[in-house]
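Undergrad: My questions all concern the structure below.
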Amino acid sequence: KVTEMDAECAECAGESTCGSHSWLSLDIGPGQGLVSLVLNVSGNVDVYPLNYSAPVIEWTSPDPLVSTTLGGVAMALGGAHFGIGEDYHVVISAFDGRGVVYESGPIAEYPHFTVTNFTHGRVAFESPEGQSDGHLALELRVAGQASNRVPFNYSAPSIELVAECKLVDGECTEVDLDEHGAVTRHTPLREGLQTAGGTVVAIIGHNFGVGSQALLFDGTEYDLGDTATGGANGIRSFSVTDDAASRFTVVSHELIQFVVPAGVGVNKTLVVRVGSMRSNEVVLSYAPPSISYVTPSQPSFPSDDTFEIHGLNFGFHGYSAAADFVDATVRIGDVACTGVELSSGSPELVWRATTDGDPYLWCQVPPRLVGEVWTSSLTVG
């Protein structure tokens, strides 16, 4: 009878095992997993299932569990029935349970991340380096028993700023990194991008991931392995031995080196993509034109009424202003210098290109009065 058994059990206080012909009182020690109670009386054996409770996660820190792609974020799980610190695995997998992404445990077989503290009710660990292309979930498996699953995710990439990057032996001299790849020093980008292409910039931010990265610049996506060719469109500040180098290089979780392609205009959007996760947008602008020399530099009117203007950032090799339905506007002093009118009567574009494809400006001024003084200022817009 239960009441009689309870009374007799009370007499066994302090003893690990106590009983009689019809009952047995046992003090079950710490343990875990699916076990059995084996009763052996002089060779007569009986086996009865006696399982420990499965682990239960009741809280997490942080809540929810979100890590940087660099990893190393201190995290903890709280709950009950976490076991005795043997034969356990902290498992991160796809939220639908298909496929283990990261796994750790007490032995070197599971090296992805480190468990720093383990008790029956609390597990502390540092998040693994990685990234997520979709929602992940974390669970604790103890001796074959799995806990409930809690959400776990990596943060999306983010861009803080774009900085100067002069490459020496493939490294930005204006950017310093610590042993973890975190940016400790940088020089903000001071000038616009060269329209001829080849400006190298440092993209500084967070969570640039461990793979499947891409850059989206001015609507064009560049993948890892895409190259920036040498020559007028290419890598003017790179020290390379061949005619091609990577369009962008992921140096660390906080730094990407990007060789900007040729182009024109302002407010060109830049986005970092890691898997399917996209960063915020930042905008970059190409540098305004600057004049190197004008031919003729000392015109004699009325015979000299056309000018060739050469300089930087007038476009790029092979660029066609006509294809983009744009043209340059030039003023010499307060006088507009417009497209040259040929014998056909229709004016040409001011924006021109040499037979080699290099851009320059060609324009014509209206007749001037003899002795009229011209100012030396010239504006290209």
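Residues in the structure tokens are named by chain (A, B, ... in the order shown) and by number from 1 within that chain; ligands are numbered from 1 in the order shown.
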Would you pick out the contacts of Arg141 (chain A) at 8 Å or less, using only C-alpha atoms, so that residues sharing its chain but fewer than 6 positions from it are not included, and give the list as a VMD selection string?

TA: chain A and resid 55 88 to 91 147

Undergrad: Please identify the strand (DSSP E or B) residues within region 119-268 of chain A (assignment by DSSP from backbone atoms) and present them as a PyMOL selection string.

TA: chain A and resi 122-126+136-142+145-146+150-154+158-164+167-168+171-172+176-177+183-185+188+193+200-206+213-217+220-223+227-229+244-246+248-252+255-259+268

Undergrad: Quick one: residues within 6 Å of Leu138 (chain A), only C-alpha atoms, excluding same-chain residues fewer than 6 positions away - as an MDAnalysis selection string?

TA: chainID A and resid 91:92 149:150 152

Undergrad: For N, CA, C and O atoms, I'd like the residues from the last selection saved as a PDB file, in the first residue's frame.

TA:
ATOM      1  N   VAL A  91      23.578  22.893 -31.031  1.00  0.00           N
ATOM      2  CA  VAL A  91      23.399  22.712 -32.468  1.00  0.00           C
ATOM      3  C   VAL A  91      22.631  23.889 -33.045  1.00  0.00           C
ATOM      4  O   VAL A  91      21.574  24.274 -32.522  1.00  0.00           O
ATOM      5  N   ILE A  92      23.178  24.478 -34.114  1.00  0.00           N
ATOM      6  CA  ILE A  92      22.488  25.529 -34.867  1.00  0.00           C
ATOM      7  C   ILE A  92      22.178  24.961 -36.242  1.00  0.00           C
ATOM      8  O   ILE A  92      23.058  24.450 -36.929  1.00  0.00           O
ATOM      9  N   ARG A 149      13.524  24.299 -29.542  1.00  0.00           N
ATOM     10  CA  ARG A 149      14.384  25.092 -30.418  1.00  0.00           C
ATOM     11  C   ARG A 149      14.052  26.577 -30.253  1.00  0.00           C
ATOM     12  O   ARG A 149      12.885  26.956 -30.143  1.00  0.00           O
ATOM     13  N   VAL A 150      15.105  27.399 -30.238  1.00  0.00           N
ATOM     14  CA  VAL A 150      14.936  28.850 -30.086  1.00  0.00           C
ATOM     15  C   VAL A 150      15.573  29.536 -31.291  1.00  0.00           C
ATOM     16  O   VAL A 150      16.533  29.017 -31.876  1.00  0.00           O
ATOM     17  N   PHE A 152      17.853  31.701 -33.749  1.00  0.00           N
ATOM     18  CA  PHE A 152      19.233  32.165 -33.774  1.00  0.00           C
ATOM     19  C   PHE A 152      19.490  32.737 -35.159  1.00  0.00           C
ATOM     20  O   PHE A 152      19.199  32.087 -36.170  1.00  0.00           O
TER      21      PHE A 152
END

Undergrad: When you count only C-alpha atoms, which of these residues is closest to Val123 (chain A): A:Leu342, A:Ile291, A:Ile84, A:Val41?

TA: A:Ile84

Undergrad: Which polymer residues have any atom within 8 Å of an atom of region 265-271 of chain A, counting only C-alpha atoms, with same-chain residues fewer than 3 positions away left out, as JSON, numbers by chain?

TA: {"A": [159, 215, 216, 217, 218, 219, 278, 279, 280, 281, 282, 283, 284, 285, 286]}

Undergrad: Determine, counting only C-alpha atoms, which protein, DNA and RNA residues have an atom within 6 Å of an atom of region 166-175 of chain A; residues of the same chain fewer than 5 positions away are not included. Present the result as a short mmCIF file (atom, residue, chain, number, x, y, z; two decimals) with C-alpha atoms, in the first residue's frame.

TA:
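For reference, around-v4.cif as written:
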data_model
loop_
_atom_site.label_atom_id
_atom_site.label_comp_id
_atom_site.auth_asym_id
_atom_site.auth_seq_id
_atom_site.Cartn_x
_atom_site.Cartn_y
_atom_site.Cartn_z
CA ARG A 185 42.03 53.55 -38.16
CA HIS A 186 40.80 55.00 -41.44
CA THR A 187 40.93 58.12 -43.58
#

Undergrad: Report, in Å to a single decimal, how far apart CA of Gly78 (chain A) and CA of Ala124 (chain A) are.

TA: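 About the pair CA of Ala124 (chain A) and CA of Gly78 (chain A): they are 8.8 Å apart.
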
Undergrad: Find the residues near Glu164 (chain A): any atom within 12 Å, counting only C-alpha atoms, skip ones fewer than 5 places away on the same chain, and give them as a PyMOL selection string.

TA: chain A and resi 171-176+185-193+199-204+237+255-259

Undergrad: Would you save the residues of that selection, restricted to N, CA and C atoms, as a short mmCIF file (atom, residue, chain, number, x, y, z; two decimals), in the first residue's frame?

TA:
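So the final result, stored in out_17.cif, reads:
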data_model
loop_
_atom_site.label_atom_id
_atom_site.label_comp_id
_atom_site.auth_asym_id
_atom_site.auth_seq_id
_atom_site.Cartn_x
_atom_site.Cartn_y
_atom_site.Cartn_z
N GLU A 171 47.38 45.96 -49.77
CA GLU A 171 46.73 46.40 -48.55
C GLU A 171 46.55 47.91 -48.54
N CYS A 172 45.42 48.37 -47.97
CA CYS A 172 45.15 49.79 -47.86
C CYS A 172 46.06 50.41 -46.81
N THR A 173 46.85 51.39 -47.20
CA THR A 173 47.75 52.03 -46.24
C THR A 173 47.01 52.97 -45.30
N GLU A 174 45.79 53.40 -45.65
CA GLU A 174 45.03 54.32 -44.81
C GLU A 174 44.11 53.60 -43.83
N VAL A 175 44.14 52.26 -43.80
CA VAL A 175 43.24 51.49 -42.93
C VAL A 175 44.08 50.52 -42.10
N ASP A 176 43.85 50.51 -40.78
CA ASP A 176 44.49 49.54 -39.88
C ASP A 176 43.44 48.60 -39.31
N ARG A 185 41.65 52.23 -37.63
CA ARG A 185 42.03 53.55 -38.16
C ARG A 185 41.63 53.62 -39.62
N HIS A 186 41.14 54.80 -40.03
CA HIS A 186 40.80 55.00 -41.44
C HIS A 186 40.87 56.48 -41.78
N THR A 187 40.94 56.76 -43.07
CA THR A 187 40.93 58.12 -43.58
C THR A 187 39.70 58.29 -44.47
N PRO A 188 38.74 59.14 -44.10
CA PRO A 188 37.53 59.29 -44.92
C PRO A 188 37.86 59.69 -46.35
N LEU A 189 37.03 59.27 -47.29
CA LEU A 189 37.20 59.59 -48.70
C LEU A 189 37.03 61.09 -48.89
N ARG A 190 38.06 61.74 -49.42
CA ARG A 190 38.06 63.20 -49.53
C ARG A 190 37.70 63.69 -50.91
N GLU A 191 37.90 62.89 -51.94
CA GLU A 191 37.67 63.34 -53.31
C GLU A 191 36.68 62.41 -54.00
N GLY A 192 36.15 62.91 -55.11
CA GLY A 192 35.26 62.08 -55.90
C GLY A 192 36.00 60.97 -56.64
N LEU A 193 35.24 60.09 -57.22
CA LEU A 193 35.81 58.96 -57.96
C LEU A 193 36.28 59.42 -59.33
N THR A 199 39.67 54.01 -59.25
CA THR A 199 39.76 54.49 -57.88
C THR A 199 39.51 53.33 -56.93
N VAL A 200 40.39 53.13 -55.96
CA VAL A 200 40.23 52.07 -54.98
C VAL A 200 39.71 52.69 -53.69
N VAL A 201 38.63 52.14 -53.15
CA VAL A 201 38.05 52.66 -51.91
C VAL A 201 37.96 51.52 -50.91
N ALA A 202 37.92 51.91 -49.64
CA ALA A 202 37.72 50.96 -48.54
C ALA A 202 36.30 51.11 -48.03
N ILE A 203 35.54 50.04 -48.14
CA ILE A 203 34.16 50.02 -47.61
C ILE A 203 34.24 49.47 -46.19
N ILE A 204 33.86 50.30 -45.22
CA ILE A 204 33.99 49.95 -43.82
C ILE A 204 32.59 49.77 -43.22
N SER A 237 45.94 52.54 -59.57
CA SER A 237 46.69 52.62 -58.32
C SER A 237 47.04 51.25 -57.77
N LEU A 255 35.82 45.09 -43.50
CA LEU A 255 36.53 45.82 -44.55
C LEU A 255 36.42 45.10 -45.89
N ILE A 256 36.02 45.86 -46.91
CA ILE A 256 36.03 45.41 -48.30
C ILE A 256 36.79 46.43 -49.13
N GLN A 257 37.72 45.97 -49.97
CA GLN A 257 38.41 46.83 -50.92
C GLN A 257 37.71 46.73 -52.27
N PHE A 258 37.41 47.89 -52.87
CA PHE A 258 36.60 47.94 -54.08
C PHE A 258 37.29 48.81 -55.12
N VAL A 259 37.53 48.25 -56.30
CA VAL A 259 38.06 49.01 -57.43
C VAL A 259 36.87 49.54 -58.22
#

Undergrad: Any idea what the distance is between CA of Phe82 (chain A) and CA of Glu58 (chain A)?

TA: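 According to the coordinates, CA of Phe82 (chain A) and CA of Glu58 (chain A) are separated by 11.3 Å.
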
Undergrad: Quote the spacing between CA of Val274 (chain A) and CA of Ser132 (chain A) in Å to one decimal place.

TA: 8.8 Å
